[in-house]
Structure formats: C-alpha cells, structure tokens
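The structure appears right after this line, and notes come after that.
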Amino acid sequence: MGNRIRVGLVGIGNCFAGLIQGIEYYKQNPSQEVTGIIHDKLAGYGIHDIDFVCGFDVGDNKVGTPLNEAIYAYPNMVDWIPKEKMPKTNAKVYESPLLDGVGIWVENRIKPLESKKTHEQITEEVKKIIKENNVEIIVSYLPVGSDKVTEFWAQICLDTNTAFVNCIPSFIASDEKWAKKFKEKNIPVIGDDIKGQVGATIVHRTLAKLCSDRGTKIEKTYQINVGGNTDFLNMKEQDRLASKRISKTESVQSQLKERLADDQIYVGPSDFIPFLGNTKLMFMRIEGRQWANIPYNMEVRLEVDDKANSAGIVIDAIRLAKIALDRGVGGPIIPASAYLMKHPLEQMPDVQAKMDCEKFVEGK
C-alpha cells in the first residue's frame with residue numbers, strides 16, 4: 001500500500017476549489033475535527049494523504065497556470081482560504097479537449113482556450129502527462145451534459161490504467177458496456193453523479209424511503225433545486241439535463257416499494273438565481289395517504305453550500321478508489337458507488353450501502 005494518493009482533476013471549477021481549500025482548511029486548523037467524511041481514516045488513508053498532481057481544463061485563464069492559482073480564476077467563487085494563504089504547488093493545469101464541455105449559457109463566463117492542437121495531439125499529450133505525473137486516479141468534475149468529454153476521459157483511464165471517479169451524470173460506472181470495459185482491464189471506476197453529504201437528493205430519497213417503509217402510500221412528489229453558480233447556469237440548457245433527471249429521479253424511485261408514474265414525480269434542477277452564488281436551495285414535497293386513506297403531506301426547505309456538500313464525498317471516493325487499486329480490484333466498485341453516487345450500477349438502501357462500503361474497506 002502506497003502512503004500517498006496521486007490524483008489528477010478534470011474540470012478546475014468551484015467543486016475542486018472547495019475540495020482543495022477544504023483540505024487546506026484542516027491543515028491550517030489542526031484542532032478542528034474533520035467533518036463530512038465517512039471516517040477520518042479509510043484503510044490507513046487520511047485526507048492529507050492526497051496529492052493533486054495535475055489538472056485539466058478548457059478555460060484560457062486556467063490552462064497553463066498552477067492549480068493553486070487556477071482555483072481562484074473566474075468564474076470560480078470559493079474563497080474559504082484567502083488566495084495569498086493557499087500554498088504554492090508545482091502541479092499545473094493542462095489542456096483538455098473541448099468537445100461538449102461548455103454549454104451555451106456559460107460561454108460568456110468561460111472563455112475556452114483557442115487550441116492549435118488536433119484532438120489526436122491533445123489525446124497523446126494527456127496520456128503523457130498522466131504517465132509523467134504517475135497519476136493513479138482521475139476525478140471528473142466536468143459540467144453536467146459533458147457526455148462526449150466524459151467518455152473521452154473514461155477511455156483515457158482505460159488506456160493508461162488509471163482509476164476513474166465520475167462525479168457527473170454522464171453514465172460510465174453505471175453503463176453496462178463501460179462497466180464491462182473497466183472490469184476486463186481490472187481498473188476501478190466509481191460513479192455516477194455525486195450524492196451530496198446532506199444534499200437535495202439524499203434527503204429526498206431518505207424521507208421517501210421512510211414514508212414507504214412506514215407503510216404509507218406515496219402518490220406524488222417533487223424536488224426543485226436552485227442556485228447561483230456556473231453549475232446551475234449550465235443546467236438552464238435543457239438539452240444537457242436528460243441524464244441528470246434520470247440520475248436524480250431513479251435515486252428516489254429506487255427507494256420506493258412501488259414506482260411512481262412518470263407524471264407523478266419531478267426531481268431536478270429548476271433555475272439559476274445569480275445572487276445565490278454557491279448556495280443551493282432545495283424545496284421538496286411528498287404527498288400520500290395513510291390509514292383509512294387519510295391524506296398527508298410534508299414539505300422541506302434545505303439550504304447548503306453546494307461545494308462543501310460535495311467535497312467530503314469525493315474525498316471518500318478517492319480513498320476508496322485507492323483501496324481498490326491497492327487490492328487489485330477492478331470494474332465498478334459497487335459499495336462505494338451505491339453509497340456515494342446517485343446513479344450506481346446497483347441501487348441499494350443507504351444504510352446497506354454504508355455497511356457494504358465499510359466491509360469493503362475492511363477487506364470482507
């Protein structure tokens with residue numbers, strides 16, 4: 001077992017900014033208990049055992065810069081650690097292929113690099129960078145709807161024997177064809193679509209399961225999410241949301257004894273409100289019937305920092321992918337995917353997923 005975890009990042013946006021600044025927060029405040037993770041140590045690995053050795057992006061203000069500078073570049077807005085207090089790093093941001101990674105709503109915020117390289121040249125350069133930096137795990141923080149770019153990075157991982165953590169709802173770990181490819185090459189993959197620590201979908205599915213397990217009949221439910229960062233701006237483009245809606249809806253449906261009709265459930269992003277920044281608001285309603293067919297309903301309002309909600313889950317995913325690498329376990333890591341992701345290859349109740357995840361860590 002190596003005592004360091006070498007990670008490459010795809011998409012140097014707010015999510016990664018929150019991830020790396022959170023780790024630095026705990027370094028600068030050692031007396032603080034580390035919250036937002038399954039366990040402080042997973043098979044001996046702590047949060048400070050992770051080295052981010054390179055990054056990939058398309059923004060012309062990020063490509064070519066050190067990671068410690070790129071995380072503050074516009075339109076990023078995470079500033080938990082002042083820029084001048086973030087340690088310098090030799091890790092650089094390199095060019096990723098554009099493909100479908102930038103939607104029409106964010107084009108005026110993200111100015112893509114005007115590449116002079118062919119797709120083949122970028123592909124070979126990426127493989128070389130991964131090899132030179134001894135990258136063990138690639139974490140994808142691409143924007144929702146980046147299906148072609150996600151497939152590019154999945155193939156890169158297959159070609160370079162690199163584990164893949166897919167945080168977005170472009171289906172790789174949960175797609176049987178891609179899952180088979182990772183299994184055949186014995187390369188770990190965890191995905192798809194990150195499930196926030198206490199996010200909209202995990203709260204919704206937990207309450208829906210509670211109602212179902214307690215014997216009520218759920219008749220209809222909705223979940224509406226709004227926020228003010230580029231994630232929500234990107235999701236104004238409805239054509240990019242097909243897989244996102246599937247991911248979030250199936251995450252809730254999987255917890256019910258009886259599936260709801262498609263027109264009786266709505267789970268998905270709703271709108272972009274600029275002044276909310278990284279604050280995410282969720283509004284949820286469940287309607288159903290109890291004993292003697294008497295109706296009931298509940299409504300929930302959840303307010304979270306979207307990036308704090310994500311980072312601790314990704315920290316766990318990285319460590320679980322490393323454990324799989326250490327043990328020579330490839331293909332979709334089912335317990336990790338079921339516990340940490342909205343759309344795993346196999347859905348299961350969260351309590352069971354957590355137990356199976358911990359058994360995996362223990363090697364059982």
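Residue numbering restarts at 1 for every chain of the structure tokens, chains are lettered A, B, ... in their displayed order, and ligands are numbered from 1 as they appear.
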
* To do: Would you kindly return, as a PyMOL selection string, each protein, DNA or RNA residue with an atom no farther than 9 Å from any atom of segment 156-170 of chain A, considering only C-alpha atoms and excluding same-chain residues fewer than 6 positions away?
  => chain A and resi 123+126-127+130-131+135-148+150+181-182+185-195+241+243-248+314+317-318+321-322+324-325+330+341-343

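Across segment 79-190 of chain A, DSSP run on the backbone finds strand (DSSP E or B) at Lys92, Val93, Tyr94, Glu95, Pro112, Ile137, Ile138, Val139, Ser140, Ala163, Phe164, Val165, Asn166, Pro188, Val189 and Ile190 of chain A.
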
* Asked: DSSP says alpha helix (DSSP H) for which residues of segment 153-274 of chain A? Put them as JSON, numbers by chain?
  -> {"A": [153, 154, 155, 156, 157, 158, 159, 160, 176, 177, 178, 179, 180, 181, 182, 183, 184, 200, 201, 202, 203, 204, 205, 206, 207, 208, 209, 210, 211, 212, 213, 230, 231, 232, 233, 234, 242, 243, 244, 245, 246, 247, 248, 249, 250, 251, 252, 253]}

* Using only C-alpha atoms, which residue out of A:Gly228, A:Asn234, A:Pro295, A:Arg205 lies closest to Met348 of chain A? ->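 Result for the nearest residue to Met348 of chain A: A:Arg205.
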
* Structure fact -> atom CA of Leu67 of chain A sits from atom CA of Trp80 of chain A at a separation of 15.7 Å

* Could you state the separation of atom CA of Glu24 of chain A and atom CA of Gly64 of chain A in Å, given to one decimal place? ->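 Atom-to-atom, atom CA of Glu24 of chain A and atom CA of Gly64 of chain A are spaced 22.3 Å apart.
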
* To do: Extract, using only C-alpha atoms, all DNA, RNA and protein residues at most 7 Å from segment 94-100 of chain A, discarding same-chain residues fewer than 5 positions from it, and format them as a ChimeraX atom specification.
  => /A:55-58,63-64,119,122,146,148-149

* Gly18 of chain A surroundings by only C-alpha atoms, 8 Å radius, close-in-sequence under 2 positions cut, as a PyMOL selection string -> chain A and resi 14-16+20-22+78+80+307-308+311

* To do: Name the residues in contact with Ile37 of chain A at a cut-off of 8 Å, using only C-alpha atoms, excluding same-chain residues fewer than 5 positions from it; report them as an NGL selection string.
  => :A and (312-313 or 315-316)

Hey, can you spit out that residue selection with C-alpha atoms as a PDB file, in the first residue's frame?
```pdb
ATOM      1  CA  GLY A 312     -16.237  15.329   1.606  1.00  0.00           C
ATOM      2  CA  ILE A 313     -17.948  12.717  -0.550  1.00  0.00           C
ATOM      3  CA  ILE A 315     -12.530  12.672  -0.590  1.00  0.00           C
ATOM      4  CA  ASP A 316     -14.068   9.322   0.346  1.00  0.00           C
TER       5      ASP A 316
END
```

* To do: Go through A:Asp49, A:Glu346, A:Glu362, A:Asp263 and flag the residue nearest Arg6 of chain A, using only C-alpha atoms for the distances.
  => A:Asp49

* To do: Considering only C-alpha atoms, state which residue in the set A:Asn225, A:Ser310, A:Asn297, A:Ser254 is at the smallest distance from Phe272 of chain A.
  => A:Asn225

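Counting only C-alpha atoms, Asn61 of chain A has the following residues at most 8 Å away, ignoring those fewer than 2 positions along the same chain: Gly59, Val63, Thr65, Ala70, Ala73, Tyr74 and Lys111 of chain A.
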
* Between atom CA of Asp239 of chain A and atom CA of Met282 of chain A - distance in Å to one decimal ->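 A separation of 21.8 Å between them.
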
* To do: Determine the nearest neighbour of Glu250 of chain A from the options A:Arg289, A:Arg4, A:His204, A:Lys280, counting only C-alpha atoms.
  =>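 Smallest distance to Glu250 of chain A is found for A:His204.
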